[in-house]
Amino acid sequence: MTTIFFIRHGQTLWNKALKYQGHSDIALTEEGLQQAERVARRLSREPFAAIYSSDLSRAVVTAEKVAEHHSLPVVTMPEFREVGFGAWEGLKYDQIYASWSTEIDKFFRSPSQVEIPGGETFHAVKARTDRGIAALRQKHDGECIAVVSHGGAIRTILCSALGIPLDALWSFRQDNTAVNIVEYEDRHNILRLVNDVNHIYDWDSLDPERLPAYNINKKF
């Protein structure tokens, strides 16, 4: 079994402006950096054997904050990049709708069927994230690792892990620095946690040494 913590990056300038990012390399805001520091502290007692990240800077910086508590390097993997939004990158929803109303409607109603102009399909995202996870499972059998990625990519990963259609991906909320845990086993996968962001709220007054680790060894 391999246990993987999937963590979304902190807030970016385009998250705040409600712009579609995709493969565009957008920096974290000050709030995003604070979020990254908080999730890093929340995960400081997890038994990570390795820490991986998308190769986009918003994920790398978030991963580096997590890695500081574990004395581990951050290994970047382009397989965990966000969905490529092509012509939509840098635009807001209303701007996209003005030119691609059919496509943006399909993006939310039936994402498995959408073809983003100049971008990726969710089937392509699934193929590359599945490939990345397969490599990590082979390398880290019996271990616990962290992967810092993106909202669309993580939703795709969760659908794949549970064996459910990609059209269900918007059923998973993914806030900035959300923590998700999947146990990968030979017979089936177990989703242990989804979109945990408790670390964002009122954690400055807590002693990091007393924060409990997620009990990844407990069986229900």
# chains A, B, ... in the order shown; residues from 1 in each chain; ligands from 1
call {"tool": "select_by_dssp", "arguments": {"residues": "segment 20-203 of chain A", "states": "helix (DSSP H, G or I)", "output": "VMD selection string"}}
result
chain A and resid 30 to 42 57 to 68 78 to 80 86 to 88 93 to 99 101 to 109 111 to 113 122 to 139 151 to 162 166 to 171 198 to 200
call {"tool": "write_last_selection", "arguments": {"atoms": "C-alpha atoms", "output": "PDB file, in the first residue's frame"}}
result
ATOM      1  CA  GLU A  30       0.686  36.941   0.558  1.00  0.00           C
ATOM      2  CA  GLU A  31      -2.414  35.119   1.745  1.00  0.00           C
ATOM      3  CA  GLY A  32      -1.375  32.127  -0.348  1.00  0.00           C
ATOM      4  CA  LEU A  33       2.029  32.072   1.331  1.00  0.00           C
ATOM      5  CA  GLN A  34       0.359  32.172   4.746  1.00  0.00           C
ATOM      6  CA  GLN A  35      -1.918  29.313   3.711  1.00  0.00           C
ATOM      7  CA  ALA A  36       1.120  27.318   2.593  1.00  0.00           C
ATOM      8  CA  GLU A  37       2.847  27.922   5.919  1.00  0.00           C
ATOM      9  CA  ARG A  38      -0.248  26.805   7.803  1.00  0.00           C
ATOM     10  CA  VAL A  39      -0.737  23.591   5.862  1.00  0.00           C
ATOM     11  CA  ALA A  40       2.979  22.916   6.253  1.00  0.00           C
ATOM     12  CA  ARG A  41       2.695  23.231  10.005  1.00  0.00           C
ATOM     13  CA  ARG A  42      -0.440  21.057  10.009  1.00  0.00           C
ATOM     14  CA  SER A  57       5.815  27.626  -9.102  1.00  0.00           C
ATOM     15  CA  ARG A  58       2.580  27.988  -7.127  1.00  0.00           C
ATOM     16  CA  ALA A  59       2.750  24.287  -6.313  1.00  0.00           C
ATOM     17  CA  VAL A  60       6.531  24.214  -5.851  1.00  0.00           C
ATOM     18  CA  VAL A  61       6.512  27.058  -3.315  1.00  0.00           C
ATOM     19  CA  THR A  62       3.696  25.390  -1.377  1.00  0.00           C
ATOM     20  CA  ALA A  63       5.596  22.092  -1.440  1.00  0.00           C
ATOM     21  CA  GLU A  64       8.790  23.785  -0.262  1.00  0.00           C
ATOM     22  CA  LYS A  65       6.954  25.077   2.807  1.00  0.00           C
ATOM     23  CA  VAL A  66       5.839  21.522   3.589  1.00  0.00           C
ATOM     24  CA  ALA A  67       9.320  20.128   2.932  1.00  0.00           C
ATOM     25  CA  GLU A  68      10.962  22.528   5.409  1.00  0.00           C
ATOM     26  CA  PRO A  78       5.038  17.753 -14.772  1.00  0.00           C
ATOM     27  CA  GLU A  79       2.528  14.885 -14.647  1.00  0.00           C
ATOM     28  CA  PHE A  80       0.844  16.727 -11.774  1.00  0.00           C
ATOM     29  CA  GLY A  86      -5.257  26.913 -23.624  1.00  0.00           C
ATOM     30  CA  ALA A  87      -7.060  30.002 -24.966  1.00  0.00           C
ATOM     31  CA  TRP A  88      -8.921  30.402 -21.671  1.00  0.00           C
ATOM     32  CA  TYR A  93     -15.670  33.116 -16.671  1.00  0.00           C
ATOM     33  CA  ASP A  94     -17.754  35.838 -18.344  1.00  0.00           C
ATOM     34  CA  GLN A  95     -15.009  36.474 -20.909  1.00  0.00           C
ATOM     35  CA  ILE A  96     -14.837  32.772 -21.731  1.00  0.00           C
ATOM     36  CA  TYR A  97     -18.608  32.486 -21.923  1.00  0.00           C
ATOM     37  CA  ALA A  98     -18.769  35.395 -24.388  1.00  0.00           C
ATOM     38  CA  SER A  99     -16.703  33.462 -26.940  1.00  0.00           C
ATOM     39  CA  SER A 101     -20.516  29.440 -24.337  1.00  0.00           C
ATOM     40  CA  THR A 102     -21.037  25.859 -25.532  1.00  0.00           C
ATOM     41  CA  GLU A 103     -17.596  24.717 -24.423  1.00  0.00           C
ATOM     42  CA  ILE A 104     -17.679  26.352 -20.984  1.00  0.00           C
ATOM     43  CA  ASP A 105     -21.158  24.956 -20.344  1.00  0.00           C
ATOM     44  CA  LYS A 106     -19.911  21.469 -21.262  1.00  0.00           C
ATOM     45  CA  PHE A 107     -16.850  22.067 -19.057  1.00  0.00           C
ATOM     46  CA  PHE A 108     -19.114  22.059 -16.000  1.00  0.00           C
ATOM     47  CA  ARG A 109     -21.963  19.772 -17.124  1.00  0.00           C
ATOM     48  CA  PRO A 111     -16.244  17.707 -18.373  1.00  0.00           C
ATOM     49  CA  SER A 112     -15.238  14.362 -19.874  1.00  0.00           C
ATOM     50  CA  GLN A 113     -16.519  15.553 -23.256  1.00  0.00           C
ATOM     51  CA  PHE A 122      -9.652  15.711 -18.845  1.00  0.00           C
ATOM     52  CA  HIS A 123      -8.901  12.301 -20.367  1.00  0.00           C
ATOM     53  CA  ALA A 124      -5.404  13.572 -21.161  1.00  0.00           C
ATOM     54  CA  VAL A 125      -5.033  14.881 -17.614  1.00  0.00           C
ATOM     55  CA  LYS A 126      -6.147  11.514 -16.238  1.00  0.00           C
ATOM     56  CA  ALA A 127      -3.639   9.697 -18.437  1.00  0.00           C
ATOM     57  CA  ARG A 128      -0.677  11.750 -17.250  1.00  0.00           C
ATOM     58  CA  THR A 129      -1.667  11.844 -13.555  1.00  0.00           C
ATOM     59  CA  ASP A 130      -2.330   8.081 -13.614  1.00  0.00           C
ATOM     60  CA  ARG A 131       1.132   7.625 -15.100  1.00  0.00           C
ATOM     61  CA  GLY A 132       2.700   9.735 -12.366  1.00  0.00           C
ATOM     62  CA  ILE A 133       0.858   7.926  -9.582  1.00  0.00           C
ATOM     63  CA  ALA A 134       1.804   4.517 -10.976  1.00  0.00           C
ATOM     64  CA  ALA A 135       5.479   5.530 -10.877  1.00  0.00           C
ATOM     65  CA  LEU A 136       5.179   6.794  -7.298  1.00  0.00           C
ATOM     66  CA  ARG A 137       3.357   3.671  -6.132  1.00  0.00           C
ATOM     67  CA  GLN A 138       6.110   1.488  -7.534  1.00  0.00           C
ATOM     68  CA  LYS A 139       8.826   3.616  -5.930  1.00  0.00           C
ATOM     69  CA  GLY A 151      -7.645  21.833  -8.195  1.00  0.00           C
ATOM     70  CA  GLY A 152      -8.560  20.337 -11.551  1.00  0.00           C
ATOM     71  CA  ALA A 153      -5.750  17.796 -11.479  1.00  0.00           C
ATOM     72  CA  ILE A 154      -6.594  16.619  -7.953  1.00  0.00           C
ATOM     73  CA  ARG A 155     -10.285  16.257  -8.807  1.00  0.00           C
ATOM     74  CA  THR A 156      -9.264  14.094 -11.769  1.00  0.00           C
ATOM     75  CA  ILE A 157      -6.973  12.033  -9.521  1.00  0.00           C
ATOM     76  CA  LEU A 158      -9.778  11.438  -7.021  1.00  0.00           C
ATOM     77  CA  CYS A 159     -12.154  10.252  -9.763  1.00  0.00           C
ATOM     78  CA  SER A 160      -9.505   7.860 -11.024  1.00  0.00           C
ATOM     79  CA  ALA A 161      -8.701   6.569  -7.540  1.00  0.00           C
ATOM     80  CA  LEU A 162     -12.367   5.783  -6.869  1.00  0.00           C
ATOM     81  CA  LEU A 166     -14.719  12.024 -14.932  1.00  0.00           C
ATOM     82  CA  ASP A 167     -18.089  13.759 -15.220  1.00  0.00           C
ATOM     83  CA  ALA A 168     -18.255  13.539 -11.412  1.00  0.00           C
ATOM     84  CA  LEU A 169     -15.116  15.585 -10.845  1.00  0.00           C
ATOM     85  CA  TRP A 170     -16.926  18.805  -9.880  1.00  0.00           C
ATOM     86  CA  SER A 171     -18.529  16.889  -7.005  1.00  0.00           C
ATOM     87  CA  ASN A 198      -9.103  23.336   9.014  1.00  0.00           C
ATOM     88  CA  HIS A 199      -5.504  24.507   9.228  1.00  0.00           C
ATOM     89  CA  ILE A 200      -6.486  27.840   7.636  1.00  0.00           C
TER      90      ILE A 200
END
call {"tool": "closest_atom_pairs", "arguments": {"of": "segment 1-69 of chain A", "to": "segment 179-197 of chain A", "cutoff": "8 Å", "atoms": "only C-alpha atoms", "output": "tab-separated table"}}
result
residue	atom	partner	partner_atom	distance
A:Met1	CA	A:Glu185	CA	4.7
A:Thr2	CA	A:Tyr184	CA	5.2
A:Thr3	CA	A:Glu183	CA	4.4
A:Ile4	CA	A:Val182	CA	5.5
A:Phe5	CA	A:Ile181	CA	4.6
A:Phe6	CA	A:Asn180	CA	5.0
A:Ile7	CA	A:Val179	CA	4.8
A:Arg8	CA	A:Val179	CA	6.9
call {"tool": "write_last_selection", "arguments": {"atoms": "N, CA and C atoms", "output": "compact mmCIF listing (two decimals), in the first residue's frame"}}
result
# COMPACT_ATOMS: atom_id res chain seq x y z
N MET A 1 0.84 -1.20 0.00
CA MET A 1 0.00 0.00 0.00
C MET A 1 0.87 1.25 0.00
N THR A 2 0.43 2.25 -0.73
CA THR A 2 1.08 3.56 -0.72
C THR A 2 0.04 4.60 -0.31
N THR A 3 0.37 5.40 0.69
CA THR A 3 -0.53 6.47 1.12
C THR A 3 -0.03 7.79 0.54
N ILE A 4 -0.91 8.48 -0.18
CA ILE A 4 -0.52 9.75 -0.80
C ILE A 4 -1.41 10.87 -0.27
N PHE A 5 -0.78 11.92 0.24
CA PHE A 5 -1.45 13.15 0.61
C PHE A 5 -1.41 14.06 -0.63
N PHE A 6 -2.57 14.37 -1.18
CA PHE A 6 -2.65 15.32 -2.30
C PHE A 6 -3.04 16.68 -1.74
N ILE A 7 -2.21 17.68 -2.01
CA ILE A 7 -2.39 19.00 -1.42
C ILE A 7 -2.50 20.03 -2.54
N ARG A 8 -3.54 20.83 -2.50
CA ARG A 8 -3.65 21.90 -3.49
C ARG A 8 -2.76 23.07 -3.06
call {"tool": "closest_residue", "arguments": {"among": "A:Arg173, A:His150, A:Arg81, A:His69", "to": "Gly10 of chain A", "atoms": "only C-alpha atoms"}}
result
A:His150
call {"tool": "closest_residue", "arguments": {"among": "A:His70, A:Glu120, A:Phe85, A:Ile26", "to": "Glu46 of chain A", "atoms": "only C-alpha atoms"}}
result
A:His70
call {"tool": "decode", "arguments": {"residues": "segment 128-171 of chain A", "atoms": "N, CA and C atoms", "output": "tab-separated table (two decimals), in the first residue's frame"}}
result
chain	number	residue	atom	x	y	z
A	128	ARG	N	-1.99	11.36	-17.77
A	128	ARG	CA	-0.68	11.75	-17.25
A	128	ARG	C	-0.61	11.65	-15.72
A	129	THR	N	-1.70	11.98	-15.01
A	129	THR	CA	-1.67	11.84	-13.56
A	129	THR	C	-1.65	10.37	-13.15
A	130	ASP	N	-2.39	9.53	-13.88
A	130	ASP	CA	-2.33	8.08	-13.61
A	130	ASP	C	-0.90	7.56	-13.79
A	131	ARG	N	-0.24	8.05	-14.84
A	131	ARG	CA	1.13	7.62	-15.10
A	131	ARG	C	2.06	8.03	-13.95
A	132	GLY	N	1.88	9.26	-13.47
A	132	GLY	CA	2.70	9.74	-12.37
A	132	GLY	C	2.45	8.95	-11.09
A	133	ILE	N	1.20	8.67	-10.79
A	133	ILE	CA	0.86	7.93	-9.58
A	133	ILE	C	1.39	6.50	-9.65
A	134	ALA	N	1.29	5.88	-10.82
A	134	ALA	CA	1.80	4.52	-10.98
A	134	ALA	C	3.30	4.47	-10.67
A	135	ALA	N	4.04	5.48	-11.14
A	135	ALA	CA	5.48	5.53	-10.88
A	135	ALA	C	5.77	5.71	-9.39
A	136	LEU	N	4.97	6.56	-8.72
A	136	LEU	CA	5.18	6.79	-7.30
A	136	LEU	C	4.80	5.58	-6.46
A	137	ARG	N	3.75	4.87	-6.87
A	137	ARG	CA	3.36	3.67	-6.13
A	137	ARG	C	4.44	2.60	-6.22
A	138	GLN	N	5.05	2.48	-7.37
A	138	GLN	CA	6.11	1.49	-7.53
A	138	GLN	C	7.33	1.87	-6.70
A	139	LYS	N	7.64	3.15	-6.64
A	139	LYS	CA	8.83	3.62	-5.93
A	139	LYS	C	8.62	3.65	-4.42
A	140	HIS	N	7.38	3.89	-3.98
A	140	HIS	CA	7.13	4.12	-2.55
A	140	HIS	C	6.14	3.11	-1.96
A	141	ASP	N	6.24	1.89	-2.37
A	141	ASP	CA	5.37	0.86	-1.81
A	141	ASP	C	5.59	0.76	-0.29
A	142	GLY	N	4.50	0.82	0.47
A	142	GLY	CA	4.59	0.74	1.92
A	142	GLY	C	4.93	2.05	2.60
A	143	GLU	N	4.97	3.14	1.83
A	143	GLU	CA	5.36	4.43	2.40
A	143	GLU	C	4.24	5.46	2.26
A	144	CYS	N	4.45	6.58	2.93
A	144	CYS	CA	3.53	7.72	2.89
A	144	CYS	C	4.26	8.89	2.25
A	145	ILE	N	3.65	9.51	1.24
A	145	ILE	CA	4.29	10.62	0.53
A	145	ILE	C	3.29	11.76	0.34
A	146	ALA	N	3.81	12.92	-0.05
A	146	ALA	CA	2.97	14.09	-0.33
A	146	ALA	C	3.15	14.50	-1.78
A	147	VAL	N	2.05	14.92	-2.41
A	147	VAL	CA	2.07	15.45	-3.77
A	147	VAL	C	1.30	16.77	-3.77
A	148	VAL	N	1.95	17.85	-4.12
A	148	VAL	CA	1.29	19.16	-4.20
A	148	VAL	C	0.91	19.41	-5.66
A	149	SER	N	-0.37	19.66	-5.88
A	149	SER	CA	-0.88	19.78	-7.24
A	149	SER	C	-1.91	20.90	-7.33
A	150	HIS	N	-2.93	20.72	-8.16
A	150	HIS	CA	-3.88	21.77	-8.51
A	150	HIS	C	-5.31	21.26	-8.45
A	151	GLY	N	-6.25	22.20	-8.38
A	151	GLY	CA	-7.64	21.83	-8.19
A	151	GLY	C	-8.20	20.87	-9.23
A	152	GLY	N	-8.04	21.20	-10.50
A	152	GLY	CA	-8.56	20.34	-11.55
A	152	GLY	C	-7.84	19.01	-11.61
A	153	ALA	N	-6.53	19.03	-11.44
A	153	ALA	CA	-5.75	17.80	-11.48
A	153	ALA	C	-6.11	16.88	-10.32
A	154	ILE	N	-6.26	17.45	-9.12
A	154	ILE	CA	-6.59	16.62	-7.95
A	154	ILE	C	-7.99	16.03	-8.09
A	155	ARG	N	-8.94	16.80	-8.58
A	155	ARG	CA	-10.28	16.26	-8.81
A	155	ARG	C	-10.24	15.07	-9.77
A	156	THR	N	-9.43	15.19	-10.81
A	156	THR	CA	-9.26	14.09	-11.77
A	156	THR	C	-8.64	12.88	-11.10
A	157	ILE	N	-7.64	13.11	-10.26
A	157	ILE	CA	-6.97	12.03	-9.52
A	157	ILE	C	-7.96	11.30	-8.61
A	158	LEU	N	-8.82	12.05	-7.93
A	158	LEU	CA	-9.78	11.44	-7.02
A	158	LEU	C	-10.79	10.58	-7.78
A	159	CYS	N	-11.25	11.07	-8.94
A	159	CYS	CA	-12.15	10.25	-9.76
A	159	CYS	C	-11.48	8.95	-10.17
A	160	SER	N	-10.24	9.04	-10.59
A	160	SER	CA	-9.50	7.86	-11.02
A	160	SER	C	-9.31	6.89	-9.86
A	161	ALA	N	-8.96	7.42	-8.70
A	161	ALA	CA	-8.70	6.57	-7.54
A	161	ALA	C	-9.94	5.79	-7.13
A	162	LEU	N	-11.11	6.43	-7.27
A	162	LEU	CA	-12.37	5.78	-6.87
A	162	LEU	C	-13.02	5.01	-8.00
A	163	GLY	N	-12.47	5.12	-9.21
A	163	GLY	CA	-13.04	4.41	-10.35
A	163	GLY	C	-14.39	4.95	-10.77
A	164	ILE	N	-14.58	6.26	-10.62
A	164	ILE	CA	-15.85	6.87	-11.00
A	164	ILE	C	-15.64	7.74	-12.24
A	165	PRO	N	-16.71	8.04	-13.00
A	165	PRO	CA	-16.57	8.80	-14.24
A	165	PRO	C	-16.00	10.19	-14.02
A	166	LEU	N	-15.27	10.67	-15.01
A	166	LEU	CA	-14.72	12.02	-14.93
A	166	LEU	C	-15.81	13.10	-14.85
A	167	ASP	N	-17.01	12.79	-15.31
A	167	ASP	CA	-18.09	13.76	-15.22
A	167	ASP	C	-18.47	14.07	-13.78
A	168	ALA	N	-17.96	13.29	-12.83
A	168	ALA	CA	-18.26	13.54	-11.41
A	168	ALA	C	-17.22	14.43	-10.75
A	169	LEU	N	-16.24	14.91	-11.50
A	169	LEU	CA	-15.12	15.58	-10.84
A	169	LEU	C	-15.48	16.87	-10.12
A	170	TRP	N	-16.54	17.57	-10.57
A	170	TRP	CA	-16.93	18.81	-9.88
A	170	TRP	C	-17.68	18.52	-8.59
A	171	SER	N	-17.91	17.25	-8.28
A	171	SER	CA	-18.53	16.89	-7.01
A	171	SER	C	-17.55	17.01	-5.84
